[in-house]
Structures are given as structure tokens and as C-alpha cells.
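Novice: Got a structure here, written out as C-alpha cells. Questions coming.
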4 protein chains.
Amino acid sequence: MKTSEKIVHASLKLFNTKGERRITTNHIAAHLGISPGNLYYHFKNKEDIIRSIFSLYEAHLHAGFQPYAHKHVSVELLIGYFDTMFNILWRFRFMYTNLTYILSSDEALLQRYLQVQQLALDRSSNILGQLKRDGLLDVDDDKIMLLADTMRMVACFWIGYKQTHSSSIAITKTCLYEGILRVIMIFKAHATPISIATFNRLEEHYQTLHSLQAAKHSS
Amino acid sequence: MKTSEKIVHASLKLFNTKGERRITTNHIAAHLGISPGNLYYHFKNKEDIIRSIFSLYEAHLHAGFQPYAHKHVSVELLIGYFDTMFNILWRFRFMYTNLTYILSSDEALLQRYLQVQQLALDRSSNILGQLKRDGLLDVDDDKIMLLADTMRMVACFWIGYKQTHSSSIAITKTCLYEGILRVIMIFKAHATPISIATFNRLEEHYQTLHSLQAAKHSS
Amino acid sequence: MKTSEKIVHASLKLFNTKGERRITTNHIAAHLGISPGNLYYHFKNKEDIIRSIFSLYEAHLHAGFQPYAHKHVSVELLIGYFDTMFNILWRFRFMYTNLTYILSSDEALLQRYLQVQQLALDRSSNILGQLKRDGLLDVDDDKIMLLADTMRMVACFWIGYKQTHSSSIAITKTCLYEGILRVIMIFKAHATPISIATFNRLEEHYQTLHSLQAAKHSS
Amino acid sequence: MKTSEKIVHASLKLFNTKGERRITTNHIAAHLGISPGNLYYHFKNKEDIIRSIFSLYEAHLHAGFQPYAHKHVSVELLIGYFDTMFNILWRFRFMYTNLTYILSSDEALLQRYLQVQQLALDRSSNILGQLKRDGLLDVDDDKIMLLADTMRMVACFWIGYKQTHSSSIAITKTCLYEGILRVIMIFKAHATPISIATFNRLEEHYQTLHSLQAAKHSS
DNA sequence: AATGAATGAGTGTTCATTCAT
DNA sequence: TATGAATGAACACTCATTCAT
């Protein structure tokens, strides 16, 4: 692995575990056993490292949220979308821990975030629209966007919400599954008689994963 | 007004307008025309000032979210609750701008926050329960808490959400009314035929306020 | 003496002896036995210290180069002007060691320097004009300014010239007297039969001072 | 062109346009599209590059300031000397921008500079002596050296003087012609009735060049 | 109650230079 | 010859906090 990649990955790991605020460039260098000068050889500054991490984030989002092009909605299809959501939240949890903090100190990054989020919102709205046209979703046409937006909001701030509204500070996969389940709950409220079974199976799928994850750490 | 009170109010004002991160204790002292030493005579440290602001916050929450003791739900009653929500979000918007940041650096504060939020959640759940019993809300008994929780989450992170998912960084009353309307939207989804008119009037009330506020600044 | 004054004087002393380039803010603080934080309590940054020194410089220039208001030119009068020149060059020799370096990194300082130098040039030109009108100086009217300018240039760069065109790097009073003598030489070239004796006495005065100074250090 | 020569020429160009202080060895390497390691293969350090540039400087000085061996002084002859002066000042203007800065950090370089300057001074003095013997210059024998020295000083510090005593920071050919004219002014003050016409033509020559250069950039 | 000078550990960053390949 | 990753000492500067008065 190249040093610059090592720096990106070590930074992501340290940010995720200790929080971006508490990790200085010297910490990252020390963690990798390289000199601060070397770190600055590969990256202009700390912002630059974060931007590189953000590029990974963008790539994940683009790859995961592909337009919906299927005839029939299936549990597998929806699971694909929610798994993407889960993976992104988990991999880049340091961002979602403190979105405001991270985006408020770098205007250019905010713009990139807005752009990629707009795309993601468009694609989600599109999927919801298709589901509605397929008779699988019961929602007014002019409320589709708002539903997608609310689901996004819950997803984006679930980590922050958990960290501030529960005693356990650490972000765990268990807690992320709870977030997914909450988003599904909002989603499922608009199920049709035709699709309700599908939604139930979707929910059960993540409930199982949630229980398994919780069991892993309580045992 | 006593110096310690002046410090609390000046800090709140400065935090709200410039952000807690950017305001140093020296800024606060300079703003009041007092010495930093004097500030530290009244407060142990910056955390201590924030804790004092937090006491105001607690008082507001306690006063605003009184248990529901009425026979008949009225628009005025619900408006009372939502006005409290609006006022608290506005007065202490620096907190809601970056809840994670502020609570993550002070464990004791987080505990106090959890406590007061638990109380608020209990009371909201209670109100929702009463509304259900009065036939004004259509929701499963075991989902009441979750509904209250979701409404709370949207309220608590609306400011952060707006700041990170829109180009306009400044927090305005207009943007807060939008948040209130979104919470009402989630709320109204569970209206019964008996209460739908009431919910509609509630929504219209805030839509009017939102429009008025928006007009004030666009003209 | 107040700390801020101590900082200014210590900085001036260190700059004069070691050169501004080689003296960091930490050096200054360490030299005074104070913390770097304290230094930054009194001065915004290194530039700020230099600007304070520059204020002293301006005061010296203003005080020393008073307009010429006398009927008869006397050796004492001219000595007054040249003594001012000598004192300023000596007190602020770190500046004259490397004028370009110091002024090129602070645009605002360059502007202040230009202003005070313009004033000094105006006053010198004025004096030369008066001398001419008194029949003590033989120079074309349109060359007065150029003569003053050339004298200024030699004065301002004498230190730099000596440091780069002689083996002895250290700036001494002896070397400054040489500079004064060189300026006087250019000046004296325009003496009239009436004033030649005065110019000679002026020159002899500084030749004596030069010799005395040189003797002090060679013995 | 060999890499080492490329480095020397690129460095000279970059130093002249951006200033030696602001150009790092990495800048030079990047400008040439070579690696910093390669640069250090050819040169021990930055100082070493400057010393190589200095060798070019020495060669120019030696070639330009040939001993005076002519019977009759002519405008062309003097123009030859002043053109050399102009060319050297222009080609190596980064040095003259900040002579003290560059020479003070490299003792060996200062010694070489002193040597080549001594030679140049000797030759200039020699020329002045010949001119005097030819009846073309009116100056005391014991003042010849001082006259040569003053002329040199004005030439060597004219760039620095302009940069610190005028608002326009950029060094232009126009500004260098001004410097030449100032040196000629000091020179011409010692013209004899026999040589005055020659001096006038010399001055006019550079006045024309100065005007042409100025016109080029104002139009 | 109040002053304001003083602290000092810490931050992100720079750049001439080295060295294994 | 050439690469380019790596070094590390140095720098200017910040800010919550302390303390003598």
C-alpha cells in the first residue's frame, strides 16, 4: 500500500475511533511511524486528507445509489440500497458524528457534500417515484421528495442523535442497525397492501442483523 | 443585572451569532468590557459558562413542556407546545447547531442533557398517549414512544441538517418554522378523522408565520 | 519599565546585534525570561513588534528633522542635522542593514516608511533651498531635490554597503561616521566661497569624532 | 544544455522574477520537471546553486570591465562600460535586490564578492585616472578612488533603493536606466570643458534609452 | 469584585536536505 | 543520472486558564 493511501486509511480509522477533532496531523504521522514532514509531502494539510477521505465517500455513494431500473421490486433490491446506506454510515461514521463541525470549516467540502447529497436525494426520490408507479408505495406525488428528505435526514443524523441522546457514546454497528430500522419504519408507513409483505421482510432482515450484532457484544 | 448574569447572556448571544467554537473567553470578556480575570472569578472555566446557559435551557424546557391536563385538545394547546419548541430552538440555537460537539466535550453536561431530554420525551409521549385516548391520534400503543422520539429527533437536528444540506449557512427564524412544519407533518400523518381539521389549522398557523417571516427578509 | 516597552527595546537590541532574520519571537521571549504567550499578549505578532519599533523611528525622524528657520547657517545647525542622521542610523541599524528585506514583507510598513521618508526628503530639500537662497550652496534649482535624494540614498544604504563591501561585518559607530563623512563630501562639493569654511569645519568635526571612535576600539 | 546548467539558469530566472527568498529548491526542481533529489545530485545545496550563478556573475564582470587602453575617450567607450553595468544589474537583479541578505548567509560568497568588487573598483579607478590624465576629468588624485566608490555604491544599491523608496515594487529596465543616469550625473559633475560635450552625449544616450523603455510600457 | 499581565503546552505547517532505489 | 519518498528541526502563533495585586 502506498504511503498516501496509508495516511488516508489511518486517518479515517483514527477519526472514526477518536474523532476528527482530537486527531492532529502529528498524531496521524506518529501512528504510522512516519515524520510529519512526510505526511505533508503527500498532503497539503489536514483539510487535504479529509478531502481525500471524502473522495472515497463520494465513490461509495455513487456506486451504491444506482438508478432503479427493475420491473419488480424485491427485498433483495431494497436491501441493496439499505446495505449501501449502512456501509457508508459505518465507514465514514466520523463524518456523521459531527457533520456540522466538519463541513463548517471547509466551504469547498460543503459544496461537494451538497452536490453528492443532491444526487443521492434525486436518486432516492426517483426510486420512490418508481415504487409508487408500481403501486408499491402510497404517497402523494408532491410529498415524494419530502419523504425521501426525511428518510435522508434520519439516516444522516442518526449517529449524532444516538451520541447525544443515549449514555453509550461509542458508535456500534448495533446502533447503526437501529438507525436503518427507524428509516425503514418511516418508509414502511407508506406501504400498500401489495407491498406490505415485502416491507415486513425487509424490516425483519435488519431486525435479525441487529439482534445478531447486539448478541455478539453482549455475550 | 449582576456580572455573572451579564456573562451568561453575552455568551449566549455571542455563541448564537458567531458559534461557540469561534468565541473565546477573552472575546466574551472584551465584549462586556470586563477583564478575563473577572470572568474567571465568576466562572471556573468556559464549560462552566456553558453549564449556566444550560440551566436556563433546562428551565425553559421544564416551563414549556407541562403535562397535558386538558379535556379537549385545541389548536391553542398544541400551538403552545410548538411555540415552546420554536422558542427553545431559537434561544439556544448555538447548541442545536452542533449538539454533538458541545455535549461530547463535557460528560456531566451530557448527563444533564439526557435527563432533561428524557423528561421532555416522557411528557411528549404522555401527551401523545392522551391524544390517542381522546381519539385524536391514530397510532399503535407500542409506537407512541417511537413517534415522539422521531419528532424529537427532527426537531433537535433540524438546524444542523439545514446548515449542512443547504447553501445558506445562517440560521433564521424562517428556517426554524420549516423545521416545525416538518415535525407537524410527521405528527399529522397520524391524525384521525376527528382531529384532522385541528391538525390542518395547526399546520396553517405555522405556514402563515413561516410566510410572514420569509416575507420580512425578502422584501 | 512596562513589559511591552521591554519587548520593544529587547527586540530592537537583539535585531541590531543579531539581525532581524535570526531572531524569532521565542528568542525575544526567552531573552526577557517571559513566556511566548505573554509576548503575544502584548503584540499581535512579530510584525506588530517591528511596527512598534518603527513608531519610535518615526518619532526620532520627526523630532530631528525640523524645518530650517534660521537667518544664518552655523556649524552647530548643520551638526544638529547630521547628528540626528547618525543617531537614527545607529539606533535602528537593523533596519538599514536590510531595508529591502524588512520592508518587502510588510506592505503597510513600506507605506509608512515612504511617508516618513517623503517628509524627511521635503525638509532636507527645503533646507538645501534655504542654503542656496542664503548664498551658501551652489546648485541649480532643479537639481536641489536630486542632491537631497542622493545624500539620502548614501545615508540609507551606507550600512548595507559597508556590510557587503568590506570584510568587517559588524556595524560600528566608526563605520557610521564614515558614512556621514561621505554624505558631507557630496554636500560640500556644492559649497560656495562664502560657505566653504563652514563646510570644512563640519567635515573636521566628524573626522575628529571618527578618529576618536576608531581609536577607542583599536587601542 | 546539461541539467546542471538548466538548474542554474532556471534558478536565476526564478530568483529574478520572484525573489530568492520565495523560491525553494523544490520550486526550482518542479519548474524544470526534475526531482529534488536530482537537483541535489548536481548541487550540494541551495547555496551551491547561488555560487554557480555567482560564477556567471564574475565572468560577466571580468569580461565587461576591461582595463582602459585607448588613446582617446569616446562616447562609445564609456557606453561600453555603462552597458556592462546595466546588463549585469539586469541579469543578476535578484542579487542587487537584496545584497545584504544574500551575502550575509554565506561567508565564502561574501569573500568572492569582495574580491571581484575590488577588481572592478580598481579598474574603474584606473579608468578615472586615465580620464584625468587625458584632461577629461576634474578631480583630485586622492579623490579618484572615492569617486569610483560612490559611483559603485549608487549602482549597487539603486535597485534596493528604488524598491524601498518608491511605491512600484517591480524592478524594470526603465528603473535601471534611471540608476545609470544617476551614476552619470555624479560622474558628469567632474567633467572638464574639453569633455563636457562627451558627457552630455553619454547622458543623452541613456536618457533616450530610458524614454524608449518607459514609452514601451506606458503605451 | 475586579484587573490584566502572564503562562505554556499545543497546533498546523515549512523546507532544505538525505537516501534507498 | 535520476527518482521521489522521507526527514526533523524549526517557526509563528493560539487560548483556556492562573495569579499577584
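Naming works like this for the C-alpha cells: A, B, ... for the chains as they're shown, residue 1 at the start of each chain, ligands 1 onward in shown order.
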Give me the residues within 10 Å of DT7 of chain F as a tab-separated table (two decimals) with N, CA and C atoms (P, O5', C5', C4', C3', O3' and C1' of nucleotides), in the first residue's frame, counting only C-alpha atoms (C1' of nucleotides) and dropping any in the same chain fewer than 6 places off.
Specialist:
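Output below, filename around.tsv:
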```tsv
chain	number	residue	atom	x	y	z
A	34	ILE	N	5.72	7.64	10.71
A	34	ILE	CA	6.40	8.47	9.71
A	34	ILE	C	6.57	9.89	10.27
A	35	SER	N	7.35	10.70	9.60
A	35	SER	CA	7.59	12.06	10.08
A	35	SER	C	6.45	12.98	9.62
A	36	PRO	N	6.20	14.03	10.40
A	36	PRO	CA	5.18	14.99	9.97
A	36	PRO	C	5.50	15.57	8.59
A	37	GLY	N	6.78	15.75	8.33
A	37	GLY	CA	7.18	16.28	7.03
A	37	GLY	C	6.73	15.36	5.89
A	38	ASN	N	6.86	14.07	6.12
A	38	ASN	CA	6.45	13.10	5.11
A	38	ASN	C	4.95	13.19	4.86
E	17	DT	P	20.43	23.23	2.31
E	17	DT	O5'	20.21	21.68	2.50
E	17	DT	C5'	20.11	21.16	3.83
E	17	DT	C4'	19.70	19.71	3.80
E	17	DT	C3'	20.56	18.80	2.90
E	17	DT	O3'	21.27	17.93	3.77
E	17	DT	C1'	18.26	18.25	2.81
E	18	DT	P	22.33	16.89	3.23
E	18	DT	O5'	21.56	15.49	3.39
E	18	DT	C5'	20.92	15.19	4.64
E	18	DT	C4'	20.22	13.86	4.52
E	18	DT	C3'	21.06	12.75	3.88
E	18	DT	O3'	20.87	11.60	4.69
E	18	DT	C1'	19.01	12.93	2.75
E	19	DC	P	21.92	10.42	4.64
E	19	DC	O5'	21.05	9.29	3.92
E	19	DC	C5'	19.67	9.13	4.28
E	19	DC	C4'	19.03	8.18	3.31
E	19	DC	C3'	20.01	7.23	2.62
E	19	DC	O3'	19.39	5.97	2.48
E	19	DC	C1'	18.80	8.39	1.00
```
Novice: Once you count only C-alpha atoms (C1' of nucleotides), which residues of chain E turn out to be within 12 Å of chain C? Could you give them as a PyMOL selection string?
Specialist: chain E and resi 4-10
Novice: I'd like the neighbourhood of segment 198-213 of chain B as a VMD selection string, where a residue qualifies if any of its atoms comes within 12 Å (using only C-alpha atoms (C1' of nucleotides)), though same-chain residues fewer than 5 positions away should be ignored.
Specialist: chain B and resid 72 to 83 86 131 136 to 137 172 to 193 218 to 219
Novice: Output as CSV one row per residue of chain B within 9 Å of chain F: the closest atom pair and its distance in Å to one decimal place, counting only C-alpha atoms (C1' of nucleotides), sorted by chain and residue number ascending.
Specialist:
```
residue,atom,partner,partner_atom,distance
B:Thr24,CA,F:DC15,C1',7.3
B:Thr25,CA,F:DA16,C1',7.5
B:Asn26,CA,F:DC15,C1',8.5
B:Gly37,CA,F:DT18,C1',8.7
B:Tyr40,CA,F:DT17,C1',8.4
B:Asn45,CA,F:DT17,C1',7.6
B:Lys46,CA,F:DA16,C1',7.8
```
Novice: For chain B, which residues have at least one atom within 9 Å of chain A, if we go by only C-alpha atoms? Write them as a list in words, please.
Specialist: Thr97, Asn98, Leu99, Thr100, Tyr101, Leu103, Ser104, Leu110, Gln111, Tyr113, Leu114, Gln117, Gln118, Leu146, Thr150, Met153, Val154, Cys156, Phe157, Trp158, Gly160, Tyr161, Gln163, Thr164, His165, Ser166, Ser167, Ile169 and Arg182 of chain B
Novice: Please report, as a ChimeraX atom specification, each residue of segment 19-217 of chain B to which DSSP assigns alpha helix (DSSP H) when run on this structure's backbone.
Specialist: /B:25-32,36-42,46-64,75-91,93-97,99-104,107-133,144-165,173-188,196-217
Novice: Report, in Å to a single decimal, how far apart atom CA of Phe65 of chain A and atom CA of Asp149 of chain A are.
Specialist: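 Interatomic distance here is 15.0 Å.
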Novice: Quick one, how far is atom CA of Ala59 of chain D from atom CA of Lys143 of chain D?
Specialist: 28.7 Å
Novice: Given only C-alpha atoms as the basis, pick out the residue of C:Ala215, C:Pro67, C:Asn87, C:Leu109 nearest to Gln130 of chain C.
Specialist: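 Ranked by minimum distance to Gln130 of chain C, first place goes to C:Pro67.
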Novice: Measure the distance from atom CA of Ala155 of chain C to atom CA of Arg112 of chain C in Å and round it to one decimal.
Specialist: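 Between these atoms lies a distance of 18.7 Å.
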Novice: Write out as an mmCIF file with N, CA and C atoms, in the first residue's frame the residues lying within 12 Å of Ala63 of chain A, counting only C-alpha atoms (C1' of nucleotides) and excluding same-chain residues fewer than 6 positions away.
Specialist:
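The result, written out as part-v4.cif:
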```cif
data_model
loop_
_atom_site.group_PDB
_atom_site.id
_atom_site.type_symbol
_atom_site.label_atom_id
_atom_site.label_comp_id
_atom_site.auth_asym_id
_atom_site.auth_seq_id
_atom_site.Cartn_x
_atom_site.Cartn_y
_atom_site.Cartn_z
ATOM 1 N N LEU A 56 -13.323 9.135 -1.319
ATOM 2 C CA LEU A 56 -13.751 7.751 -1.122
ATOM 3 C C LEU A 56 -15.252 7.702 -0.859
ATOM 4 N N TYR A 57 -15.680 8.612 -0.018
ATOM 5 C CA TYR A 57 -17.090 8.706 0.350
ATOM 6 C C TYR A 57 -17.961 8.912 -0.895
ATOM 7 N N GLY A 80 -30.259 -3.988 -0.977
ATOM 8 C CA GLY A 80 -29.069 -3.411 -1.612
ATOM 9 C C GLY A 80 -28.904 -1.949 -1.247
ATOM 10 N N TYR A 81 -30.001 -1.200 -1.341
ATOM 11 C CA TYR A 81 -29.929 0.229 -1.014
ATOM 12 C C TYR A 81 -29.622 0.468 0.459
ATOM 13 N N THR A 84 -26.032 -0.325 1.392
ATOM 14 C CA THR A 84 -25.160 0.794 0.998
ATOM 15 C C THR A 84 -25.197 1.872 2.066
ATOM 16 N N MET A 85 -26.405 2.206 2.470
ATOM 17 C CA MET A 85 -26.564 3.226 3.499
ATOM 18 C C MET A 85 -25.801 2.830 4.762
ATOM 19 N N ASN A 87 -23.315 0.680 5.108
ATOM 20 C CA ASN A 87 -21.863 0.662 4.910
ATOM 21 C C ASN A 87 -21.252 2.050 4.929
ATOM 22 N N ILE A 88 -21.920 2.969 4.266
ATOM 23 C CA ILE A 88 -21.400 4.334 4.222
ATOM 24 C C ILE A 88 -21.418 4.959 5.614
ATOM 25 N N VAL A 116 -23.115 15.896 -3.898
ATOM 26 C CA VAL A 116 -23.289 14.448 -3.847
ATOM 27 C C VAL A 116 -24.596 14.093 -3.125
ATOM 28 N N LEU A 119 -27.495 14.588 -5.528
ATOM 29 C CA LEU A 119 -27.581 13.436 -6.422
ATOM 30 C C LEU A 119 -28.243 12.253 -5.728
ATOM 31 N N ALA A 120 -27.802 12.012 -4.503
ATOM 32 C CA ALA A 120 -28.369 10.891 -3.755
ATOM 33 C C ALA A 120 -29.860 11.100 -3.522
ATOM 34 N N ARG A 123 -31.792 10.473 -6.708
ATOM 35 C CA ARG A 123 -31.933 9.043 -6.996
ATOM 36 C C ARG A 123 -32.938 8.376 -6.057
#
```
